[in-house]
Amino acid sequence: MIRYIQESATFLKQRGFETPEIGIILGTGLGQIIENIEVEAEMSYNHIPNFPTATVEFHKGKLIYGTLASKKVVVMQGRFHLYEGYTLEDVTFPVRVMSELGIKTLLVSNASGAINTGFKKGEIMLIDDHINLQGGSPLAFKGVEKMGKRFVDMSAPYDLEMNAKIEEIAKTNEIAIHKGVYVSVVGPQLETRAEYRYLKLIGADAVGMSTVPEIIVANHLGLRVSALSVLTDECDPDNLEPVDIAEIIAMAGKAEPDMITLFTELIKTL
């Protein structure tokens, strides 16, 4: 894997992906932040050696390099998921490549369902902690100790200082933001009423099918991390309605301007 990471990073450096400070992963329906970036280079995933290829129709599948808020950033416009048939090593491979390019900070977004009935669709949740229900770890492979500590501490996987800054930015800009626990499941099917009750019982405030593997690897690499969930639907088992994917995408677009403000203003402080 080390050779593959180096090959991918070398390929990108030769094509203008020079010295990014910050990596950004954009979730489902969340791509407008690209309009705020002074783009210097971009590359489709299927042109990057050793990269997986995004198969979800609302994930663009591009790696973008440029300047945002006077900082050099590399942005994943579209991510990978276990439900696409990839392994956890595949899903997190781009994070390792971004680290090889030079990032020290990773900002992650996702679209998720609100389990906490006090949270409403169209709002944003700052991830304070997470629960991994994806059935495995992206660090559970032979030779992982050559790339970082095998037993990674996860007592504070999300950077406390950056999270505090995000909360302050939200207050200054009058953006309603919740703080809570994100649970990551495999998918791609949505949850049953009984499953939502279970997830609430174990302490989850929002549920999605991504993010946690990338966060684990980011901690393995020593990166500072913050993550935002855009709440696109409400998962109240007593008032559950059939899922409308088009509505989820629309709701992500509605909340995205606030997410862009939070990330952009945070980047200015880094």
# chains A, B, ... in the order shown; residues from 1 in each chain; ligands from 1
>>> residues_around(residues="Ile245 of chain A", least_positions_apart="6", cutoff="10 Å", atoms="only C-alpha atoms", output="ChimeraX atom specification")
/A:232-233,251
>>> residues_around(residues="Phe17 of chain A", least_positions_apart="2", cutoff="7 Å", atoms="only C-alpha atoms", output="number ranges by chain")
A: 12-13, 15, 19, 41, 65
>>> write_last_selection(atoms="N, CA and C atoms", output="PDB file, in the first residue's frame")
ATOM      1  N   LEU A  12       0.095  13.045  -8.845  1.00  0.00           N
ATOM      2  CA  LEU A  12      -0.648  14.286  -8.613  1.00  0.00           C
ATOM      3  C   LEU A  12       0.290  15.492  -8.499  1.00  0.00           C
ATOM      4  N   LYS A  13       1.409  15.321  -7.815  1.00  0.00           N
ATOM      5  CA  LYS A  13       2.373  16.423  -7.689  1.00  0.00           C
ATOM      6  C   LYS A  13       2.888  16.858  -9.058  1.00  0.00           C
ATOM      7  N   ARG A  15       1.259  16.934 -11.642  1.00  0.00           N
ATOM      8  CA  ARG A  15       0.170  17.576 -12.370  1.00  0.00           C
ATOM      9  C   ARG A  15      -0.419  18.756 -11.615  1.00  0.00           C
ATOM     10  N   THR A  19       1.399  21.662  -2.766  1.00  0.00           N
ATOM     11  CA  THR A  19       1.618  21.687  -1.314  1.00  0.00           C
ATOM     12  C   THR A  19       0.327  22.020  -0.555  1.00  0.00           C
ATOM     13  N   ALA A  41      -5.754  22.961 -10.241  1.00  0.00           N
ATOM     14  CA  ALA A  41      -5.613  21.653 -10.888  1.00  0.00           C
ATOM     15  C   ALA A  41      -6.789  20.782 -10.477  1.00  0.00           C
ATOM     16  N   TYR A  65      -7.555  20.806  -6.596  1.00  0.00           N
ATOM     17  CA  TYR A  65      -6.519  21.520  -5.844  1.00  0.00           C
ATOM     18  C   TYR A  65      -6.599  23.010  -6.148  1.00  0.00           C
TER      19      TYR A  65
END
>>> select_by_dssp(residues="segment 176-232 of chain A", states="helix (DSSP H, G or I)", output="PyMOL selection string")
chain A and resi 193-201+212-220
>>> write_last_selection(atoms="C-alpha atoms", output="PDB file, in the first residue's frame")
ATOM      1  CA  ARG A 193     -37.969   1.607  12.559  1.00  0.00           C
ATOM      2  CA  ALA A 194     -36.467  -0.938  14.965  1.00  0.00           C
ATOM      3  CA  GLU A 195     -32.950  -0.050  13.812  1.00  0.00           C
ATOM      4  CA  TYR A 196     -33.565   3.664  14.390  1.00  0.00           C
ATOM      5  CA  ARG A 197     -34.765   2.868  17.905  1.00  0.00           C
ATOM      6  CA  TYR A 198     -31.604   0.823  18.484  1.00  0.00           C
ATOM      7  CA  LEU A 199     -29.310   3.572  17.181  1.00  0.00           C
ATOM      8  CA  LYS A 200     -30.978   6.128  19.423  1.00  0.00           C
ATOM      9  CA  LEU A 201     -30.678   3.740  22.383  1.00  0.00           C
ATOM     10  CA  VAL A 212     -15.945   7.161  10.329  1.00  0.00           C
ATOM     11  CA  PRO A 213     -13.370   5.164   8.293  1.00  0.00           C
ATOM     12  CA  GLU A 214     -11.783   8.395   7.035  1.00  0.00           C
ATOM     13  CA  ILE A 215     -11.682   9.807  10.573  1.00  0.00           C
ATOM     14  CA  ILE A 216      -9.994   6.684  11.932  1.00  0.00           C
ATOM     15  CA  VAL A 217      -7.291   6.845   9.258  1.00  0.00           C
ATOM     16  CA  ALA A 218      -6.853  10.602   9.738  1.00  0.00           C
ATOM     17  CA  ASN A 219      -6.155   9.959  13.423  1.00  0.00           C
ATOM     18  CA  HIS A 220      -3.770   7.172  12.446  1.00  0.00           C
TER      19      HIS A 220
END
>>> atom_distance(atom1="atom CA of Pro188 of chain A", atom2="atom CA of Ala255 of chain A")
22.7 Å
>>> residues_around(residues="Thr67 of chain A", least_positions_apart="5", cutoff="7 Å", atoms="only C-alpha atoms", output="PyMOL selection string")
chain A and resi 37-39+72-73
>>> write_last_selection(atoms="C-alpha atoms", output="PDB file, in the first residue's frame")
ATOM      1  CA  ILE A  37     -12.079  27.803  -4.638  1.00  0.00           C
ATOM      2  CA  GLU A  38      -9.515  29.299  -6.994  1.00  0.00           C
ATOM      3  CA  VAL A  39      -8.910  26.029  -8.833  1.00  0.00           C
ATOM      4  CA  LYS A  72      -3.952  25.650  -0.309  1.00  0.00           C
ATOM      5  CA  VAL A  73      -6.589  22.912  -0.223  1.00  0.00           C
TER       6      VAL A  73
END
>>> closest_residue(among="A:Ala176, A:Leu101, A:Met209, A:Met147", to="Leu133 of chain A", atoms="only C-alpha atoms")
A:Met209
>>> closest_residue(among="A:Glu35, A:Ser8, A:Ile115, A:Val183", to="Asn239 of chain A", atoms="only C-alpha atoms")
A:Ile115
>>> closest_residue(among="A:Ile103, A:Ile267, A:Ala170, A:Leu190", to="Cys235 of chain A", atoms="only C-alpha atoms")
A:Leu190
